[in-house]
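Notes follow once the structure below has been shown.
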Amino acid sequence: MKLYYFEGACSLADHIVLEWIGAPYETVRMTHQSVKSPEFLTLSPHGTVPVLTDGDYLLTQNVAILTYLAELHPDAMLLGDGTVRGRADVMRWLAFLNSDVHHAFKPIFSPAHFLSDPAAADELADTARAHLRTYFNSVDRRLGDRQWLVDRRSIADPYLFVMLRWAVRLKVGTDGFANLARFAGRMYDDDGVRAALLAEEGSAAYQTRDEETPYDASQTLWGASDLRVQRA
Ligand SMILES: N[C@@H](CCC(=O)N[C@@H](CS)C(=O)NCC(=O)O)C(=O)O
């Protein structure tokens with residue numbers, strides 16, 4: 001299988017799942033320019049990642065790719081506990097992350113899609129941040145003492161992880177979301193997550209800001225400011 005990705009983009013979720021299922025795969029690193037090339041547009045008509053190819057089979061759309069990977073490897077149990085309701089619970093969180101949370105970042109990433117007057121971009125971004133905080137607040141409450149979004153690790157978790165990293169980078173304001181912070185720390189400590197992050201971002205993904213600070217996976221470049229992990 002071959003995954004087309006951008007560094008730290010939503011395709012990181014697929015990259016992590018490829019690690020979790022243990023299937024052989026290769027990756028193709030894209031840029032904001034190369035995804036708009038005529039060649040790539042034949043794979044992904046809107047010039048977006050992720051794109052997955054599996055032999056001559058081509059798949060776009062993050063939720064479809066994550067589900068495909070999980071279904072190819074049912075042994076990894078990434079689509080719930082095998083019951084109809086367990087699967088529905090995973091799909092519920094995936095849908096929320098893809099349609100609501102991911103979408104709510106778009107005014108921050110691409111204000112020109114929403115505005116004719118660029119002067120309003122900051123105000124638009126702040127409004128988007130407020131929506132995002134509402135969403136992250138509900139996910140923080142959902143997590144509570146849970147380790148994962150549903151009762152077991154699933155394909156929804158790496159998607160949440162990517163959204164959290166964006167939230168920190170884009171200064172959404174995630175202070176005080178202790179359950180999300182613990183979740184992020186757990187993900188950063190995971191071997192598959194680490195492998196995907198190191199492949200995409202190199203050691204920067206695990207750099208501490210302060211060179212004197214002993215290594216702590218929770219104190220990453222992306223997590224040091226807002227997503228402090230309060231370890232039990
Ligand atoms: N609906 C698509 C959206 C994918 C998407 O928005 N991908 C972003 C990266 S997270 C992208 O490729 N953007 C193109 C660009 O930034 O030029 C999906 O869920 O796969």
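Ordering of the structure tokens sets the chain letters (A, B, ...), residue numbers begin anew at 1 in every chain, and ligands are numbered from 1 in the order given.
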
(message) Taking 6 positions as the minimum chain separation for residues in the same chain, which residues sit within 10 Å of Gly47 (chain A) when counting only C-alpha atoms? Answer as a PyMOL selection string.
(response) chain A and resi 32-41

Report the closest atom pair, with its distance in Å rounded to one decimal, for each residue of chain A that has an atom no farther than 6 Å from ligand 1; count only C-alpha atoms and all ligand atoms, sort by chain and then rising residue number, and write it as CSV.
residue,atom,partner,partner_atom_place_in_ligand_line,distance
A:Ala9,CA,ligand 1,10 (S),4.3
A:Cys10,CA,ligand 1,10 (S),4.0
A:His32,CA,ligand 1,17 (O),4.3
A:Gly47,CA,ligand 1,14 (C),5.9
A:Thr48,CA,ligand 1,12 (O),3.1
A:Val49,CA,ligand 1,12 (O),3.9
A:Pro50,CA,ligand 1,20 (O),5.6
A:Gln61,CA,ligand 1,20 (O),3.3
A:Asn62,CA,ligand 1,20 (O),3.8

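Close contacts of region 133-138 of chain A, defined as residues with an atom at most 8 Å away when counting only C-alpha atoms, with chain neighbours fewer than 5 positions off set aside, comprise A:Val101, A:Val172, A:Gly173, A:Thr174, A:Phe177.
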
(request) Could you tell me how far CA of Val90 (chain A) lies from CA of Tyr4 (chain A), in Å and to one decimal? (result) 24.0 Å

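Each of A:Phe114, A:Thr67, A:Phe109, A:Thr60 was compared to Ala95 (chain A) using only C-alpha atoms, and A:Thr67 turns out to be the nearest.
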
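Counting from CA of Ala125 (chain A), the distance to CA of Pro107 (chain A) is 5.9 Å.
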
For the alpha helix (DSSP H) assignment from backbone DSSP, which residues of chain A qualify? Please present them as a short mmCIF file (atom, residue, chain, number, x, y, z; two decimals) with N, CA and C atoms, in the first residue's frame.
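Generated output (selection07.cif):
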data_model
loop_
_atom_site.label_atom_id
_atom_site.label_comp_id
_atom_site.auth_asym_id
_atom_site.auth_seq_id
_atom_site.Cartn_x
_atom_site.Cartn_y
_atom_site.Cartn_z
N SER A 11 -3.66 13.23 7.15
CA SER A 11 -3.12 11.94 6.69
C SER A 11 -2.23 11.28 7.74
N LEU A 12 -1.80 12.03 8.75
CA LEU A 12 -1.01 11.42 9.84
C LEU A 12 -1.83 10.33 10.54
N ALA A 13 -3.15 10.53 10.59
CA ALA A 13 -4.00 9.51 11.23
C ALA A 13 -3.87 8.17 10.48
N ASP A 14 -3.87 8.24 9.15
CA ASP A 14 -3.74 7.00 8.34
C ASP A 14 -2.35 6.40 8.51
N HIS A 15 -1.37 7.28 8.59
CA HIS A 15 0.02 6.82 8.76
C HIS A 15 0.14 6.03 10.08
N ILE A 16 -0.49 6.56 11.13
CA ILE A 16 -0.44 5.87 12.43
C ILE A 16 -1.17 4.53 12.34
N VAL A 17 -2.32 4.52 11.67
CA VAL A 17 -3.07 3.27 11.56
C VAL A 17 -2.29 2.24 10.73
N LEU A 18 -1.57 2.69 9.71
CA LEU A 18 -0.73 1.75 8.95
C LEU A 18 0.30 1.12 9.88
N GLU A 19 0.84 1.91 10.80
CA GLU A 19 1.78 1.36 11.79
C GLU A 19 1.06 0.37 12.71
N TRP A 20 -0.11 0.74 13.15
CA TRP A 20 -0.83 -0.11 14.11
C TRP A 20 -1.23 -1.46 13.50
N ILE A 21 -1.59 -1.48 12.22
CA ILE A 21 -2.02 -2.76 11.64
C ILE A 21 -0.83 -3.60 11.19
N PRO A 38 -1.12 18.56 -12.02
CA PRO A 38 -2.07 17.79 -12.86
C PRO A 38 -1.98 16.29 -12.59
N GLU A 39 -0.78 15.78 -12.32
CA GLU A 39 -0.64 14.32 -12.09
C GLU A 39 -1.40 13.92 -10.82
N PHE A 40 -1.20 14.73 -9.76
CA PHE A 40 -1.84 14.35 -8.49
C PHE A 40 -3.35 14.52 -8.57
N LEU A 41 -3.79 15.53 -9.34
CA LEU A 41 -5.24 15.74 -9.46
C LEU A 41 -5.95 14.57 -10.14
N THR A 42 -5.19 13.76 -10.86
CA THR A 42 -5.83 12.55 -11.43
C THR A 42 -6.10 11.52 -10.33
N LEU A 43 -5.33 11.61 -9.22
CA LEU A 43 -5.57 10.70 -8.09
C LEU A 43 -6.61 11.27 -7.13
N ASN A 62 -10.48 10.65 4.13
CA ASN A 62 -9.85 10.11 5.33
C ASN A 62 -10.68 9.02 6.02
N VAL A 63 -11.97 9.28 6.18
CA VAL A 63 -12.79 8.30 6.89
C VAL A 63 -12.83 6.98 6.13
N ALA A 64 -12.92 7.07 4.80
CA ALA A 64 -12.96 5.84 3.99
C ALA A 64 -11.64 5.09 4.11
N ILE A 65 -10.53 5.83 4.09
CA ILE A 65 -9.22 5.16 4.15
C ILE A 65 -9.02 4.51 5.52
N LEU A 66 -9.34 5.24 6.57
CA LEU A 66 -9.17 4.67 7.92
C LEU A 66 -10.01 3.41 8.08
N THR A 67 -11.24 3.47 7.57
CA THR A 67 -12.13 2.32 7.71
C THR A 67 -11.62 1.14 6.88
N TYR A 68 -11.15 1.45 5.68
CA TYR A 68 -10.60 0.40 4.80
C TYR A 68 -9.44 -0.32 5.50
N LEU A 69 -8.53 0.47 6.06
CA LEU A 69 -7.36 -0.13 6.72
C LEU A 69 -7.79 -1.00 7.90
N ALA A 70 -8.75 -0.50 8.67
CA ALA A 70 -9.20 -1.27 9.84
C ALA A 70 -9.88 -2.56 9.40
N GLU A 71 -10.66 -2.48 8.31
CA GLU A 71 -11.38 -3.68 7.86
C GLU A 71 -10.44 -4.70 7.22
N LEU A 72 -9.36 -4.21 6.63
CA LEU A 72 -8.39 -5.15 6.05
C LEU A 72 -7.71 -5.97 7.14
N VAL A 84 -22.25 -4.48 16.39
CA VAL A 84 -22.79 -3.41 15.54
C VAL A 84 -22.68 -2.08 16.28
N ARG A 85 -23.01 -2.08 17.55
CA ARG A 85 -22.97 -0.82 18.31
C ARG A 85 -21.54 -0.34 18.54
N GLY A 86 -20.64 -1.29 18.71
CA GLY A 86 -19.24 -0.90 18.90
C GLY A 86 -18.72 -0.19 17.65
N ARG A 87 -19.07 -0.73 16.51
CA ARG A 87 -18.65 -0.10 15.25
C ARG A 87 -19.33 1.26 15.08
N ALA A 88 -20.62 1.32 15.40
CA ALA A 88 -21.35 2.59 15.28
C ALA A 88 -20.71 3.65 16.16
N ASP A 89 -20.26 3.27 17.36
CA ASP A 89 -19.62 4.25 18.25
C ASP A 89 -18.35 4.81 17.62
N VAL A 90 -17.55 3.94 17.01
CA VAL A 90 -16.33 4.42 16.35
C VAL A 90 -16.71 5.37 15.21
N MET A 91 -17.71 4.98 14.41
CA MET A 91 -18.11 5.82 13.27
C MET A 91 -18.66 7.16 13.74
N ARG A 92 -19.33 7.16 14.86
CA ARG A 92 -19.88 8.41 15.40
C ARG A 92 -18.75 9.40 15.69
N TRP A 93 -17.66 8.92 16.32
CA TRP A 93 -16.55 9.82 16.66
C TRP A 93 -15.77 10.23 15.42
N LEU A 94 -15.62 9.27 14.50
CA LEU A 94 -14.93 9.61 13.23
C LEU A 94 -15.70 10.69 12.48
N ALA A 95 -17.02 10.54 12.43
CA ALA A 95 -17.86 11.50 11.71
C ALA A 95 -17.74 12.88 12.36
N HIS A 102 -12.63 18.86 12.14
CA HIS A 102 -11.71 19.16 11.04
C HIS A 102 -12.21 20.38 10.25
N HIS A 103 -13.48 20.37 9.97
CA HIS A 103 -14.09 21.45 9.20
C HIS A 103 -13.94 22.80 9.90
N ALA A 104 -14.03 22.78 11.21
CA ALA A 104 -13.98 24.04 11.97
C ALA A 104 -12.60 24.69 11.91
N LYS A 106 -11.00 25.06 9.13
CA LYS A 106 -10.80 25.62 7.78
C LYS A 106 -10.77 27.14 7.74
N PRO A 107 -11.61 27.84 8.51
CA PRO A 107 -11.49 29.31 8.48
C PRO A 107 -10.13 29.82 8.97
N ILE A 108 -9.45 29.01 9.78
CA ILE A 108 -8.12 29.44 10.26
C ILE A 108 -7.08 29.14 9.16
N PHE A 109 -7.18 27.95 8.57
CA PHE A 109 -6.21 27.57 7.54
C PHE A 109 -6.42 28.37 6.24
N ALA A 121 -9.90 38.43 8.56
CA ALA A 121 -9.40 37.06 8.77
C ALA A 121 -9.13 36.76 10.26
N ASP A 122 -8.59 37.75 10.99
CA ASP A 122 -8.28 37.49 12.40
C ASP A 122 -9.55 37.24 13.21
N GLU A 123 -10.55 38.05 12.90
CA GLU A 123 -11.81 37.90 13.64
C GLU A 123 -12.45 36.54 13.32
N LEU A 124 -12.38 36.17 12.03
CA LEU A 124 -12.92 34.87 11.62
C LEU A 124 -12.19 33.73 12.34
N ALA A 125 -10.86 33.84 12.40
CA ALA A 125 -10.06 32.80 13.05
C ALA A 125 -10.41 32.71 14.53
N ASP A 126 -10.64 33.84 15.18
CA ASP A 126 -10.99 33.80 16.60
C ASP A 126 -12.35 33.17 16.83
N THR A 127 -13.26 33.42 15.89
CA THR A 127 -14.58 32.79 15.99
C THR A 127 -14.44 31.27 15.83
N ALA A 128 -13.59 30.87 14.87
CA ALA A 128 -13.37 29.44 14.66
C ALA A 128 -12.74 28.81 15.91
N ARG A 129 -11.82 29.54 16.53
CA ARG A 129 -11.18 29.01 17.75
C ARG A 129 -12.22 28.78 18.86
N ALA A 130 -13.15 29.70 18.95
CA ALA A 130 -14.18 29.55 19.99
C ALA A 130 -15.03 28.31 19.71
N HIS A 131 -15.39 28.07 18.45
CA HIS A 131 -16.15 26.85 18.11
C HIS A 131 -15.33 25.62 18.46
N LEU A 132 -14.06 25.68 18.10
CA LEU A 132 -13.21 24.52 18.35
C LEU A 132 -13.09 24.24 19.85
N ARG A 133 -13.00 25.29 20.66
CA ARG A 133 -12.90 25.06 22.11
C ARG A 133 -14.17 24.36 22.63
N THR A 134 -15.31 24.72 22.04
CA THR A 134 -16.55 24.04 22.45
C THR A 134 -16.48 22.55 22.10
N TYR A 135 -15.97 22.27 20.91
CA TYR A 135 -15.84 20.86 20.51
C TYR A 135 -14.85 20.12 21.41
N PHE A 136 -13.69 20.74 21.65
CA PHE A 136 -12.68 20.04 22.46
C PHE A 136 -13.16 19.88 23.91
N ASN A 137 -13.95 20.82 24.37
CA ASN A 137 -14.51 20.68 25.71
C ASN A 137 -15.38 19.43 25.78
N SER A 138 -16.19 19.21 24.74
CA SER A 138 -17.07 18.03 24.80
C SER A 138 -16.25 16.75 24.66
N VAL A 139 -15.17 16.78 23.88
CA VAL A 139 -14.35 15.56 23.77
C VAL A 139 -13.61 15.33 25.10
N ASP A 140 -13.17 16.41 25.74
CA ASP A 140 -12.49 16.26 27.03
C ASP A 140 -13.44 15.61 28.05
N ARG A 141 -14.70 16.03 28.05
CA ARG A 141 -15.67 15.44 28.98
C ARG A 141 -15.95 14.00 28.60
N ARG A 142 -16.02 13.73 27.30
CA ARG A 142 -16.24 12.35 26.84
C ARG A 142 -15.10 11.43 27.33
N LEU A 143 -13.88 11.92 27.21
CA LEU A 143 -12.75 11.07 27.59
C LEU A 143 -12.81 10.76 29.08
N ALA A 156 -10.54 6.19 15.38
CA ALA A 156 -10.91 7.58 15.71
C ALA A 156 -9.80 8.26 16.52
N ASP A 157 -9.04 7.51 17.28
CA ASP A 157 -8.04 8.13 18.18
C ASP A 157 -6.94 8.88 17.45
N PRO A 158 -6.33 8.30 16.41
CA PRO A 158 -5.30 9.10 15.72
C PRO A 158 -5.86 10.35 15.05
N TYR A 159 -7.13 10.31 14.65
CA TYR A 159 -7.73 11.51 14.06
C TYR A 159 -7.84 12.60 15.14
N LEU A 160 -8.28 12.20 16.33
CA LEU A 160 -8.35 13.18 17.43
C LEU A 160 -6.96 13.73 17.74
N PHE A 161 -5.98 12.85 17.73
CA PHE A 161 -4.60 13.28 18.02
C PHE A 161 -4.14 14.36 17.03
N VAL A 162 -4.44 14.14 15.75
CA VAL A 162 -4.04 15.15 14.75
C VAL A 162 -4.76 16.47 15.01
N MET A 163 -6.05 16.40 15.34
CA MET A 163 -6.80 17.63 15.61
C MET A 163 -6.22 18.38 16.82
N LEU A 164 -5.79 17.62 17.81
CA LEU A 164 -5.21 18.25 19.01
C LEU A 164 -3.89 18.95 18.69
N ARG A 165 -3.10 18.31 17.86
CA ARG A 165 -1.81 18.93 17.49
C ARG A 165 -2.06 20.22 16.72
N TRP A 166 -3.05 20.22 15.86
CA TRP A 166 -3.38 21.46 15.15
C TRP A 166 -3.86 22.52 16.15
N ALA A 167 -4.66 22.08 17.11
CA ALA A 167 -5.21 23.04 18.08
C ALA A 167 -4.09 23.74 18.84
N VAL A 168 -3.06 22.98 19.18
CA VAL A 168 -1.94 23.58 19.91
C VAL A 168 -1.19 24.54 18.98
N ARG A 169 -0.92 24.07 17.79
CA ARG A 169 -0.15 24.89 16.84
C ARG A 169 -0.88 26.19 16.50
N ALA A 178 -7.56 18.58 30.79
CA ALA A 178 -6.60 17.61 31.33
C ALA A 178 -6.76 16.23 30.71
N ASN A 179 -7.99 15.85 30.37
CA ASN A 179 -8.18 14.51 29.80
C ASN A 179 -7.61 14.43 28.39
N LEU A 180 -7.77 15.52 27.66
CA LEU A 180 -7.17 15.58 26.32
C LEU A 180 -5.65 15.58 26.41
N ALA A 181 -5.14 16.26 27.40
CA ALA A 181 -3.69 16.31 27.57
C ALA A 181 -3.14 14.92 27.88
N ARG A 182 -3.85 14.19 28.76
CA ARG A 182 -3.40 12.82 29.07
C ARG A 182 -3.47 11.95 27.82
N PHE A 183 -4.53 12.14 27.05
CA PHE A 183 -4.69 11.38 25.80
C PHE A 183 -3.51 11.66 24.86
N ALA A 184 -3.18 12.95 24.71
CA ALA A 184 -2.07 13.30 23.80
C ALA A 184 -0.78 12.66 24.29
N GLY A 185 -0.55 12.69 25.59
CA GLY A 185 0.67 12.07 26.14
C GLY A 185 0.72 10.58 25.84
N ARG A 186 -0.43 9.93 25.99
CA ARG A 186 -0.49 8.48 25.71
C ARG A 186 -0.18 8.22 24.24
N MET A 187 -0.71 9.05 23.37
CA MET A 187 -0.44 8.87 21.94
C MET A 187 1.05 9.12 21.64
N TYR A 188 1.60 10.19 22.18
CA TYR A 188 3.02 10.47 21.91
C TYR A 188 3.93 9.32 22.38
N ASP A 189 3.48 8.62 23.43
CA ASP A 189 4.29 7.52 23.97
C ASP A 189 4.14 6.22 23.18
N ASP A 191 4.35 3.43 20.32
CA ASP A 191 5.41 3.12 19.35
C ASP A 191 5.00 3.43 17.91
N GLY A 192 3.75 3.11 17.55
CA GLY A 192 3.29 3.36 16.18
C GLY A 192 3.20 4.84 15.88
N VAL A 193 2.71 5.59 16.86
CA VAL A 193 2.62 7.05 16.69
C VAL A 193 4.03 7.63 16.54
N ARG A 194 4.90 7.15 17.39
CA ARG A 194 6.29 7.64 17.34
C ARG A 194 6.91 7.36 15.98
N ALA A 195 6.70 6.16 15.45
CA ALA A 195 7.29 5.80 14.15
C ALA A 195 6.74 6.70 13.05
N ALA A 196 5.42 6.93 13.07
CA ALA A 196 4.81 7.78 12.02
C ALA A 196 5.30 9.22 12.15
N LEU A 197 5.36 9.72 13.38
CA LEU A 197 5.80 11.11 13.58
C LEU A 197 7.26 11.30 13.18
N LEU A 198 8.08 10.34 13.57
CA LEU A 198 9.50 10.48 13.22
C LEU A 198 9.68 10.41 11.70
N ALA A 199 8.90 9.57 11.04
CA ALA A 199 9.00 9.48 9.58
C ALA A 199 8.55 10.79 8.93
N GLU A 200 7.52 11.43 9.48
CA GLU A 200 6.99 12.65 8.85
C GLU A 200 7.78 13.89 9.25
N GLU A 201 8.18 13.97 10.52
CA GLU A 201 8.72 15.24 11.02
C GLU A 201 10.13 15.13 11.57
#

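Within 8 Å of Thr27 (chain A), once only C-alpha atoms are used and residues closer than 6 positions along the same chain are dropped, the contacting residues are Lys2, Leu3, Tyr4 and Tyr5 of chain A.
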
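Coordinates place CA of Arg153 (chain A) at a distance of 26.2 Å from CA of Leu58 (chain A).
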
(message) Calculated over only C-alpha atoms, which of the candidates A:Glu7, A:Ser99, A:Arg152, A:His46 has the smallest distance to Val28 (chain A)?
(response) A:Glu7
